[in-house]
>>> print(open('input-v2.tsv').read())   # TSV, C-alpha atoms
chain	number	residue	atom	x	y	z
L	3	MET	CA	164.00	26.32	126.45
L	4	LEU	CA	160.87	28.25	125.64
L	5	PHE	CA	157.48	26.71	126.27
L	6	SER	CA	156.41	27.14	122.64
L	7	THR	CA	159.55	25.33	121.49
L	8	ILE	CA	158.74	22.41	123.76
L	9	LEU	CA	155.18	22.41	122.42
L	10	PHE	CA	156.42	22.33	118.82
L	11	TYR	CA	158.65	19.32	119.51
L	12	GLN	CA	155.87	17.57	121.40
L	13	PHE	CA	153.28	18.02	118.65
L	14	SER	CA	155.77	17.02	115.97
L	15	LEU	CA	156.76	13.92	117.90
L	16	PHE	CA	153.13	12.90	118.40
L	17	LEU	CA	152.43	13.57	114.71
L	18	ILE	CA	155.29	11.38	113.52
L	19	ILE	CA	154.54	8.59	116.00
L	20	SER	CA	150.86	8.51	115.12
L	21	ALA	CA	151.72	8.53	111.40
L	22	LEU	CA	153.97	5.53	112.03
L	23	PHE	CA	151.14	3.78	113.84
L	24	VAL	CA	148.79	4.50	110.92
L	25	VAL	CA	151.19	2.75	108.59
L	26	LEU	CA	152.33	-0.09	110.83
L	27	SER	CA	149.14	-1.02	112.62
L	28	ARG	CA	147.55	-4.33	111.70
L	29	ASN	CA	144.05	-3.29	112.67
L	30	THR	CA	142.37	-0.90	110.24
L	31	ILE	CA	140.29	0.76	112.96
L	32	THR	CA	143.45	1.49	114.96
L	33	SER	CA	144.91	3.05	111.83
L	34	ALA	CA	141.87	5.29	111.40
L	35	MET	CA	142.02	6.39	115.06
L	36	PHE	CA	145.70	7.26	114.78
L	37	LEU	CA	144.94	9.13	111.54
L	38	ILE	CA	142.52	11.29	113.52
L	39	PHE	CA	145.18	11.83	116.20
L	40	ALA	CA	147.73	12.83	113.53
L	41	PHE	CA	145.34	15.39	112.06
L	42	VAL	CA	144.59	16.89	115.47
L	43	ASN	CA	148.32	17.30	116.12
L	44	ALA	CA	148.87	18.88	112.70
L	45	SER	CA	146.02	21.24	113.45
L	46	ALA	CA	147.71	22.26	116.70
L	47	LEU	CA	150.91	22.96	114.76
L	48	PHE	CA	148.96	25.12	112.31
L	49	LEU	CA	147.49	27.04	115.23
L	50	MET	CA	150.97	27.64	116.62
L	51	ILE	CA	152.31	29.19	113.43
L	52	GLY	CA	149.30	31.42	112.95
L	53	ALA	CA	147.14	29.65	110.36
L	54	GLU	CA	144.04	29.52	112.52
L	55	PHE	CA	141.51	29.11	109.71
L	56	LEU	CA	143.37	26.17	108.20
L	57	ALA	CA	143.71	24.56	111.63
L	58	MET	CA	139.95	24.65	112.13
L	59	LEU	CA	139.39	23.53	108.52
L	60	LEU	CA	141.67	20.55	109.13
L	61	ILE	CA	139.62	19.55	112.17
L	62	ILE	CA	136.31	19.98	110.34
L	63	VAL	CA	137.24	18.44	106.99
L	64	TYR	CA	139.67	15.70	107.96
L	65	VAL	CA	138.61	14.67	111.44
L	66	GLY	CA	134.93	15.40	110.92
L	67	ALA	CA	134.49	14.05	107.41
L	68	ILE	CA	137.28	12.01	105.88
L	69	ALA	CA	138.41	10.01	108.92
L	70	ILE	CA	134.79	9.27	109.82
L	71	LEU	CA	134.25	8.16	106.21
L	72	PHE	CA	137.11	5.69	106.66
L	73	LEU	CA	135.55	4.39	109.87
L	74	PHE	CA	132.18	4.00	108.12
L	75	VAL	CA	133.78	2.00	105.32
L	76	VAL	CA	135.59	-0.23	107.81
L	77	MET	CA	132.32	-0.98	109.54
L	78	MET	CA	130.30	-1.34	106.33
L	79	LEU	CA	132.59	-3.63	104.39
L	80	ASP	CA	133.28	-6.05	107.26
L	81	VAL	CA	136.74	-6.81	105.93
L	82	ASP	CA	139.14	-9.11	107.69
L	83	THR	CA	141.00	-6.38	109.54
L	84	ARG	CA	143.36	-8.59	111.52
L	85	ARG	CA	145.77	-10.48	109.38
L	86	GLU	CA	149.44	-11.17	109.14
L	87	TYR	CA	151.45	-8.96	106.87
L	88	ASN	CA	154.90	-9.73	105.63
L	89	ILE	CA	156.02	-6.14	106.08
L	90	LYS	CA	159.37	-7.15	107.53
L	91	LYS	CA	160.91	-7.69	104.13
L	92	TYR	CA	159.96	-4.18	103.03
L	93	ILE	CA	161.19	-2.30	106.12
L	94	PRO	CA	165.00	-2.18	105.40
L	95	ILE	CA	164.75	-0.91	101.83
L	96	LEU	CA	161.97	1.54	102.64
L	97	SER	CA	163.79	2.99	105.65
L	98	LEU	CA	166.95	3.31	103.56
L	99	ILE	CA	165.12	5.18	100.81
L	100	SER	CA	163.33	7.37	103.36
L	101	ALA	CA	166.59	8.19	105.15
L	102	ILE	CA	168.29	9.17	101.87
L	103	PHE	CA	165.29	11.31	100.95
L	104	ILE	CA	165.22	13.12	104.30
L	105	ILE	CA	168.98	13.71	104.34
L	106	GLN	CA	168.87	15.12	100.81
L	107	VAL	CA	166.09	17.52	101.69
L	108	TYR	CA	167.93	18.51	104.86
L	109	ILE	CA	171.17	19.26	103.03
L	110	ILE	CA	169.50	21.31	100.31
L	111	ALA	CA	167.15	23.18	102.62
L	112	ASP	CA	169.78	23.87	105.27
L	113	LYS	CA	172.10	25.46	102.71
L	114	SER	CA	169.56	27.64	100.96
L	115	LEU	CA	167.10	28.49	103.70
L	116	GLU	CA	169.22	29.84	106.53
L	117	PRO	CA	167.00	32.10	108.59
L	118	THR	CA	169.04	35.24	108.03
L	119	LYS	CA	169.26	34.66	104.30
L	120	PHE	CA	165.62	33.70	104.09
L	121	MET	CA	164.30	37.09	105.10
L	122	GLU	CA	166.78	38.87	102.88
L	123	ASN	CA	165.69	36.83	99.88
L	124	GLY	CA	163.54	38.52	97.33
L	125	TYR	CA	160.47	36.48	98.20
L	126	TYR	CA	159.69	38.55	101.23
L	127	PHE	CA	159.52	41.79	99.32
L	128	LEU	CA	157.86	40.44	96.18
L	129	SER	CA	154.79	39.30	98.10
L	130	HIS	CA	151.49	40.75	96.92
L	131	TYR	CA	149.52	39.21	99.77
L	132	LYS	CA	151.44	40.13	102.87
L	133	ILE	CA	150.20	38.91	106.21
L	134	ASN	CA	148.79	41.83	108.15
L	135	PRO	CA	148.81	41.15	111.91
L	136	ALA	CA	145.99	43.65	112.44
L	137	ILE	CA	143.49	41.57	110.43
L	138	SER	CA	142.42	38.14	111.60
L	139	ASN	CA	143.54	35.16	109.56
L	140	THR	CA	140.04	34.17	108.47
L	141	LYS	CA	139.16	37.66	107.27
L	142	ALA	CA	142.43	38.05	105.38
L	143	LEU	CA	141.94	34.68	103.65
L	144	GLY	CA	138.38	35.58	102.73
L	145	ASP	CA	139.46	38.93	101.32
L	146	ILE	CA	141.81	37.16	98.91
L	147	LEU	CA	139.80	34.02	98.21
L	148	TYR	CA	136.62	35.75	97.11
L	149	THR	CA	138.31	38.40	94.97
L	150	ASP	CA	141.57	37.47	93.31
L	151	PHE	CA	141.11	33.70	93.53
L	152	PHE	CA	137.40	33.59	92.76
L	153	LEU	CA	137.83	31.53	89.58
L	154	GLN	CA	139.96	28.95	91.37
L	155	PHE	CA	137.43	28.90	94.19
L	156	GLN	CA	134.61	28.09	91.78
L	157	ILE	CA	136.69	25.47	90.00
L	158	SER	CA	137.36	23.75	93.32
L	159	GLY	CA	133.63	23.70	93.92
L	160	LEU	CA	133.19	22.13	90.48
L	161	ILE	CA	135.82	19.50	91.35
L	162	LEU	CA	133.91	18.57	94.51
L	163	PHE	CA	130.68	18.37	92.50
L	164	VAL	CA	132.26	16.09	89.89
L	165	ALA	CA	133.69	13.93	92.70
L	166	MET	CA	130.25	13.64	94.26
L	167	VAL	CA	128.63	12.68	90.95
L	168	GLY	CA	131.43	10.23	90.25
L	169	ALA	CA	131.13	8.56	93.63
L	170	ILE	CA	127.37	8.17	93.22
L	171	VAL	CA	127.64	6.84	89.66
L	172	LEU	CA	130.36	4.37	90.66
L	173	THR	CA	128.55	2.88	93.62
L	174	LEU	CA	125.00	2.88	92.28
L	175	LYS	CA	123.81	-0.57	91.29
L	176	GLU	CA	120.68	-0.96	89.22
L	177	GLY	CA	118.55	-3.48	91.03
L	178	ASP	CA	115.19	-3.98	92.68
L	179	ASN	CA	115.50	-0.94	94.89
L	180	PHE	CA	116.59	1.44	92.18
L	181	LYS	CA	115.64	1.65	88.53
L	182	ARG	CA	116.37	4.33	86.01
L	183	VAL	CA	112.85	5.41	85.03
L	184	GLN	CA	113.66	8.91	83.85
L	185	ASN	CA	111.90	9.70	80.57
L	186	ILE	CA	113.82	12.58	79.08
L	187	SER	CA	111.50	13.35	76.13
L	188	LYS	CA	108.54	13.45	78.50
L	189	GLN	CA	110.39	15.91	80.67
L	190	ILE	CA	111.31	18.11	77.75
L	191	PHE	CA	107.81	18.20	76.26
L	192	ARG	CA	106.25	19.13	79.58
L	193	LYS	CA	104.55	22.53	79.26
L	194	LYS	CA	103.51	25.11	81.72
L	195	GLU	CA	99.83	24.88	80.73
L	196	ASP	CA	99.65	21.14	81.46
L	197	SER	CA	101.20	21.26	84.86
L	198	VAL	CA	100.51	24.60	86.52
L	199	GLU	CA	97.06	25.95	87.29
L	200	ILE	CA	96.58	29.49	88.50
L	201	VAL	CA	93.66	29.90	90.86
L	202	LYS	CA	92.37	33.09	92.39
L	203	VAL	CA	91.66	32.44	96.02
L	204	GLU	CA	88.95	34.57	97.55
L	205	THR	CA	89.75	35.99	100.93
L	206	GLY	CA	88.46	33.97	103.86
L	207	LYS	CA	87.11	31.09	101.73
L	208	GLY	CA	90.09	28.88	101.16
L	209	LEU	CA	90.52	26.40	98.35
L	210	ASP	CA	89.55	22.79	97.74
L	211	VAL	CA	92.42	20.85	96.33
U	2	MET	CA	156.21	32.15	113.83
U	3	ILE	CA	157.47	30.16	116.78
U	4	PRO	CA	160.63	31.48	118.44
U	5	ASN	CA	163.69	29.22	118.14
U	6	ILE	CA	161.97	27.19	115.42
U	7	ASP	CA	163.18	27.80	111.88
U	8	ILE	CA	161.49	26.75	108.71
U	9	ILE	CA	163.97	23.88	108.40
U	10	HIS	CA	162.24	22.16	111.33
U	11	PHE	CA	158.94	22.25	109.48
U	12	ILE	CA	160.53	21.04	106.27
U	13	ILE	CA	162.11	18.09	108.04
U	14	LEU	CA	158.82	17.27	109.77
U	15	ALA	CA	156.95	17.36	106.47
U	16	THR	CA	159.61	15.25	104.78
U	17	ILE	CA	159.45	12.61	107.49
U	18	LEU	CA	155.66	12.52	107.16
U	19	PHE	CA	155.92	12.24	103.38
U	20	ALA	CA	158.42	9.39	103.67
U	21	ILE	CA	156.17	7.57	106.15
U	22	GLY	CA	153.22	8.00	103.78
U	23	VAL	CA	155.10	6.69	100.75
U	24	SER	CA	156.43	3.76	102.78
U	25	GLY	CA	152.91	3.00	103.93
U	26	ILE	CA	151.74	2.60	100.35
U	27	PHE	CA	154.36	-0.08	99.74
U	28	MET	CA	154.01	-1.84	103.09
U	29	ASN	CA	150.22	-2.16	103.15
U	30	ARG	CA	149.62	-3.60	99.70
U	31	LYS	CA	147.16	-6.07	101.20
U	32	ASN	CA	144.83	-3.40	102.54
U	33	LEU	CA	143.45	-0.79	100.15
U	34	LEU	CA	141.99	1.26	103.01
U	35	THR	CA	145.38	1.79	104.64
U	36	ILE	CA	146.77	2.87	101.27
U	37	LEU	CA	144.12	5.60	101.12
U	38	MET	CA	145.10	6.67	104.65
U	39	SER	CA	148.75	6.87	103.58
U	40	ILE	CA	147.72	9.14	100.71
U	41	GLU	CA	145.97	11.38	103.23
U	42	LEU	CA	149.21	11.52	105.23
U	43	ILE	CA	151.09	12.61	102.10
U	44	PHE	CA	148.55	15.38	101.52
U	45	LEU	CA	149.01	16.46	105.15
U	46	ALA	CA	152.78	16.67	104.65
U	47	ILE	CA	152.31	18.90	101.61
U	48	ASN	CA	149.90	21.09	103.55
U	49	ILE	CA	152.38	21.51	106.41
U	50	ASN	CA	155.03	22.63	103.91
U	51	MET	CA	152.63	25.13	102.32
U	52	VAL	CA	151.55	26.65	105.62
U	53	ALA	CA	155.08	26.81	107.02
U	54	PHE	CA	156.40	28.63	103.96
U	55	SER	CA	153.40	30.93	104.05
U	56	THR	CA	154.13	31.92	107.63
U	57	TYR	CA	157.88	32.26	107.31
U	58	ASN	CA	157.55	34.25	104.08
U	59	GLN	CA	154.81	36.44	105.60
U	60	ASP	CA	152.78	35.71	102.47
U	61	LEU	CA	149.18	34.57	102.59
U	62	ILE	CA	149.17	32.78	99.25
U	63	GLY	CA	150.49	29.52	100.69
U	64	GLN	CA	147.45	29.18	102.88
U	65	ILE	CA	145.15	29.74	99.88
U	66	PHE	CA	146.95	26.90	98.10
U	67	ALA	CA	146.60	24.75	101.22
U	68	ILE	CA	142.83	25.25	101.08
U	69	PHE	CA	142.76	24.07	97.45
U	70	ILE	CA	144.90	21.05	98.37
U	71	LEU	CA	142.35	20.26	101.08
U	72	VAL	CA	139.60	20.33	98.43
U	73	ILE	CA	141.53	17.95	96.20
U	74	ALA	CA	142.19	15.64	99.16
U	75	GLY	CA	138.48	15.51	99.92
U	76	ALA	CA	137.53	14.72	96.33
U	77	GLU	CA	140.25	12.08	96.17
U	78	ALA	CA	139.05	10.39	99.35
U	79	ALA	CA	135.47	10.25	98.06
U	80	ILE	CA	136.42	8.76	94.69
U	81	GLY	CA	138.94	6.38	96.27
U	82	ILE	CA	136.42	4.99	98.72
U	83	ALA	CA	133.86	4.60	95.92
U	84	ILE	CA	136.40	2.58	93.93
U	85	LEU	CA	137.20	0.54	97.05
U	86	ILE	CA	133.53	-0.35	97.47
U	87	ILE	CA	133.27	-1.54	93.84
U	88	TYR	CA	136.44	-3.59	94.34
U	89	TYR	CA	134.99	-5.15	97.47
U	90	ASN	CA	131.72	-5.97	95.72
U	91	GLN	CA	133.63	-7.75	92.95
U	92	ARG	CA	136.10	-9.65	95.11
U	93	LYS	CA	134.82	-9.68	98.72
U	94	GLU	CA	138.38	-8.65	99.56
U	95	ILE	CA	140.43	-5.44	99.55
U	96	ASP	CA	143.77	-7.03	98.82
U	97	ILE	CA	145.40	-5.45	95.77
U	98	THR	CA	148.18	-8.01	95.46
U	99	LEU	CA	145.73	-10.50	93.94
U	100	LYS	CA	145.83	-11.42	90.29
U	101	PRO	CA	143.96	-8.88	88.16
U	102	LYS	CA	140.60	-10.07	86.91
U	103	MET	CA	140.63	-7.95	83.79
U	104	GLN	CA	141.92	-9.73	80.73
U	105	GLY	CA	143.54	-8.12	77.74
>>> encode(input="input-v2.tsv", output="structure tokens")
Amino acid sequence: MLFSTILFYQFSLFLIISALFVVLSRNTITSAMFLIFAFVNASALFLMIGAEFLAMLLIIVYVGAIAILFLFVVMMLDVDTRREYNIKKYIPILSLISAIFIIQVYIIADKSLEPTKFMENGYYFLSHYKINPAISNTKALGDILYTDFFLQFQISGLILFVAMVGAIVLTLKEGDNFKRVQNISKQIFRKKEDSVEIVKVETGKGLDV
Amino acid sequence: MIPNIDIIHFIILATILFAIGVSGIFMNRKNLLTILMSIELIFLAININMVAFSTYNQDLIGQIFAIFILVIAGAEAAIGIAILIIYYNQRKEIDITLKPKMQG
């Protein structure tokens, strides 16, 4: 057995086990920690199959931002994290549905995606963005992302902006600390002459403000 | 590509993760935060599928899509946690099995 094969099975096993702990754990902080562990393992898998940029992005975005956001919320809200669930009544039906789902995907994928057939399929030759081993993954992604997918790139930035505005608007409460005092007509009627003064400063003399 | 590992291994891995995520949504109805974590697991499963197909097809476009999915996951987490905080301020509780307060 090759070392890389063993590594694949190890990372996959850790990923699945930590995902199970995320779902089954009764303590929310334990769930968040196992979520971080799951993302680290997925990032290792991405590294192994040659998506280095996405592996690093997964570490930065998920582990560095989203999982920490979950931890912040757990600490901030002070919710009752330890409590009894009646998850036992859900487990049989959910595992049955999951097993049927996995077996279906396995049957379909195993028939149509045999490795020899897969390379002979048309997909391989129709590709416009072939992976070039001579160029690094990050550079190749940047070459595509900033040229052919520039519109989608900007739209994703817009989506993040709208999400930020939405999150602020949703959580902002008008109270003693914050009041909406923006006067729009005053802002619009503001002129350059009223607000900006141009002063010639003589050399070496300075200016009294 | 990893030797001895076909794409079917990655598909099965992603499917198991997806099934765990969907099950988590149904099992943790009393904790909104764990539901959001399950949704992140589902996004991770989709990302694994995208990247695996990208590598085994020798086509870079799957990784571009994975980046956009990452963006959507980030936006979703931000909005979801904002909604969770409003819910907590209303109820002092993040249990979604309670009776809805909205009438009509």
>>> atom_distance(input="input-v2.tsv", atom1="CA of Phe55 in chain L", atom2="CA of Asn134 in chain L")
14.7 Å
>>> residues_around(input="input-v2.tsv", residues="Ile65 in chain U", least_positions_apart="6", cutoff="9 Å", atoms="all atoms listed in the file", output="list in words")
Leu143, Ile146, Leu147 and Phe151 of chain L
>>> residues_around(input="input-v2.tsv", residues="Val75 in chain L", least_positions_apart="6", cutoff="12 Å", atoms="all atoms listed in the file", output="VMD selection string")
(chain L and resid 30 to 31 34 68 to 69 81 83) or (chain U and resid 33 to 35 37 78 to 79 81 to 86 89 95)
>>> atom_distance(input="input-v2.tsv", atom1="CA of Glu41 in chain U", atom2="CA of Gly22 in chain U")
8.0 Å
>>> residues_around(input="input-v2.tsv", residues="range 46-50 of chain U", least_positions_apart="3", cutoff="7 Å", atoms="only C-alpha atoms", output="MDAnalysis selection string")
chainID U and resid 11:12 15:16 18:19 42:43 53:54 67
>>> residues_near_point(input="input-v2.tsv", point="(150.5, 24.7, 113.3)", cutoff="10 Å", atoms="only C-alpha atoms", output="ChimeraX atom specification")
/L:10,13-14,43-54,56-57 /U:2-3,11,49,52-53,56
>>> closest_residue(input="input-v2.tsv", among="L:Gln156, L:Thr140, L:Ser100, L:Asn185", to="chain U", atoms="all atoms listed in the file")
L:Ser100
>>> atom_distance(input="input-v2.tsv", atom1="CA of Leu22 in chain L", atom2="CA of Val23 in chain U")
11.4 Å
>>> residues_around(input="input-v2.tsv", residues="range 93-98 of chain L", least_positions_apart="2", cutoff="9 Å", atoms="only C-alpha atoms", output="list of chain:residue names")
L:Ile89, L:Lys90, L:Lys91, L:Ser100, L:Ala101, L:Ile102, L:Phe103, U:Ala20, U:Ile21, U:Val23, U:Ser24, U:Phe27, U:Met28
>>> write_last_selection(input="input-v2.tsv", atoms="C-alpha atoms", output="JSON list (two decimals), keeping the file's coordinate frame")
[["chain", "number", "residue", "atom", "x", "y", "z"],
["L", 89, "ILE", "CA", 156.02, -6.14, 106.08],
["L", 90, "LYS", "CA", 159.37, -7.15, 107.53],
["L", 91, "LYS", "CA", 160.91, -7.69, 104.13],
["L", 100, "SER", "CA", 163.33, 7.37, 103.36],
["L", 101, "ALA", "CA", 166.59, 8.19, 105.15],
["L", 102, "ILE", "CA", 168.29, 9.17, 101.87],
["L", 103, "PHE", "CA", 165.29, 11.31, 100.95],
["U", 20, "ALA", "CA", 158.42, 9.39, 103.67],
["U", 21, "ILE", "CA", 156.17, 7.57, 106.15],
["U", 23, "VAL", "CA", 155.10, 6.69, 100.75],
["U", 24, "SER", "CA", 156.43, 3.76, 102.78],
["U", 27, "PHE", "CA", 154.36, -0.08, 99.74],
["U", 28, "MET", "CA", 154.01, -1.84, 103.09]]
>>> residues_around(input="input-v2.tsv", residues="Leu71 in chain U", least_positions_apart="3", cutoff="10 Å", atoms="only C-alpha atoms", output="list in words")
Leu56, Leu59, Leu60, Val63, Tyr64 and Ser158 of chain L; Glu41, Phe44, Leu45, Asn48, Ile65, Phe66, Ala67, Ile68, Ala74, Gly75, Ala76 and Glu77 of chain U
>>> closest_residue(input="input-v2.tsv", among="L:Ile133, L:Leu17, L:Val201, L:Val42", to="Gln64 in chain U", atoms="only C-alpha atoms")
L:Ile133
>>> residues_near_point(input="input-v2.tsv", point="(163.7, 25.3, 108.4)", cutoff="9 Å", atoms="all atoms listed in the file", output="number ranges by chain")
L: 108, 111-112, 115-117; U: 6-13, 53
>>> closest_residue(input="input-v2.tsv", among="L:Ile157, L:Val65, L:Ile104, L:Ile200", to="chain U", atoms="all atoms listed in the file")
L:Ile104
>>> closest_residue(input="input-v2.tsv", among="U:Thr98, U:Ile80, U:Tyr88, U:Ile70", to="chain L", atoms="all atoms listed in the file")
U:Ile80
>>> closest_residue(input="input-v2.tsv", among="U:Pro4, U:Met103, U:Val72, U:Ile97", to="Ile26 in chain U", atoms="all atoms listed in the file")
U:Ile97
>>> closest_residue(input="input-v2.tsv", among="L:Thr173, L:Gln12, L:Ser138, L:Ser20", to="chain U", atoms="all atoms listed in the file")
L:Thr173
>>> build_atoms(input="input-v2.tsv", residues="range 9-33 of chain L", atoms="N, CA and C atoms", output="compact mmCIF listing (two decimals), keeping the file's coordinate frame")
# COMPACT_ATOMS: atom_id res chain seq x y z
N LEU L 9 156.45 22.81 123.01
CA LEU L 9 155.18 22.41 122.42
C LEU L 9 155.36 21.98 120.97
N PHE L 10 156.19 22.72 120.22
CA PHE L 10 156.42 22.33 118.82
C PHE L 10 156.99 20.92 118.75
N TYR L 11 158.03 20.64 119.58
CA TYR L 11 158.65 19.32 119.51
C TYR L 11 157.66 18.24 119.94
N GLN L 12 156.82 18.57 120.93
CA GLN L 12 155.87 17.57 121.40
C GLN L 12 154.85 17.23 120.32
N PHE L 13 154.29 18.29 119.68
CA PHE L 13 153.28 18.02 118.65
C PHE L 13 153.90 17.29 117.46
N SER L 14 155.13 17.69 117.10
CA SER L 14 155.77 17.02 115.97
C SER L 14 156.02 15.55 116.28
N LEU L 15 156.48 15.30 117.52
CA LEU L 15 156.76 13.92 117.90
C LEU L 15 155.48 13.09 117.87
N PHE L 16 154.39 13.63 118.42
CA PHE L 16 153.13 12.90 118.40
C PHE L 16 152.66 12.68 116.96
N LEU L 17 152.86 13.69 116.11
CA LEU L 17 152.43 13.57 114.71
C LEU L 17 153.17 12.44 114.02
N ILE L 18 154.49 12.40 114.21
CA ILE L 18 155.29 11.38 113.52
C ILE L 18 154.96 9.99 114.07
N ILE L 19 154.82 9.91 115.41
CA ILE L 19 154.54 8.59 116.00
C ILE L 19 153.18 8.08 115.56
N SER L 20 152.19 8.99 115.53
CA SER L 20 150.86 8.51 115.12
C SER L 20 150.84 8.17 113.64
N ALA L 21 151.63 8.90 112.82
CA ALA L 21 151.72 8.53 111.40
C ALA L 21 152.34 7.15 111.25
N LEU L 22 153.37 6.87 112.07
CA LEU L 22 153.97 5.53 112.03
C LEU L 22 152.95 4.46 112.42
N PHE L 23 152.13 4.76 113.43
CA PHE L 23 151.14 3.78 113.84
C PHE L 23 150.09 3.57 112.75
N VAL L 24 149.73 4.66 112.03
CA VAL L 24 148.79 4.50 110.92
C VAL L 24 149.32 3.49 109.93
N VAL L 25 150.61 3.59 109.64
CA VAL L 25 151.19 2.75 108.59
C VAL L 25 151.43 1.33 109.10
N LEU L 26 151.88 1.21 110.35
CA LEU L 26 152.33 -0.09 110.83
C LEU L 26 151.25 -0.91 111.51
N SER L 27 150.13 -0.29 111.86
CA SER L 27 149.14 -1.02 112.62
C SER L 27 148.49 -2.10 111.78
N ARG L 28 148.16 -3.22 112.44
CA ARG L 28 147.55 -4.33 111.70
C ARG L 28 146.04 -4.22 111.68
N ASN L 29 145.50 -3.45 112.60
CA ASN L 29 144.05 -3.29 112.67
C ASN L 29 143.67 -2.00 111.97
N THR L 30 142.72 -2.09 111.03
CA THR L 30 142.37 -0.90 110.24
C THR L 30 141.72 0.18 111.10
N ILE L 31 140.95 -0.24 112.11
CA ILE L 31 140.29 0.76 112.96
C ILE L 31 141.34 1.51 113.78
N THR L 32 142.36 0.81 114.26
CA THR L 32 143.45 1.49 114.96
C THR L 32 144.12 2.51 114.06
N SER L 33 144.32 2.12 112.79
CA SER L 33 144.91 3.05 111.83
C SER L 33 144.07 4.31 111.69
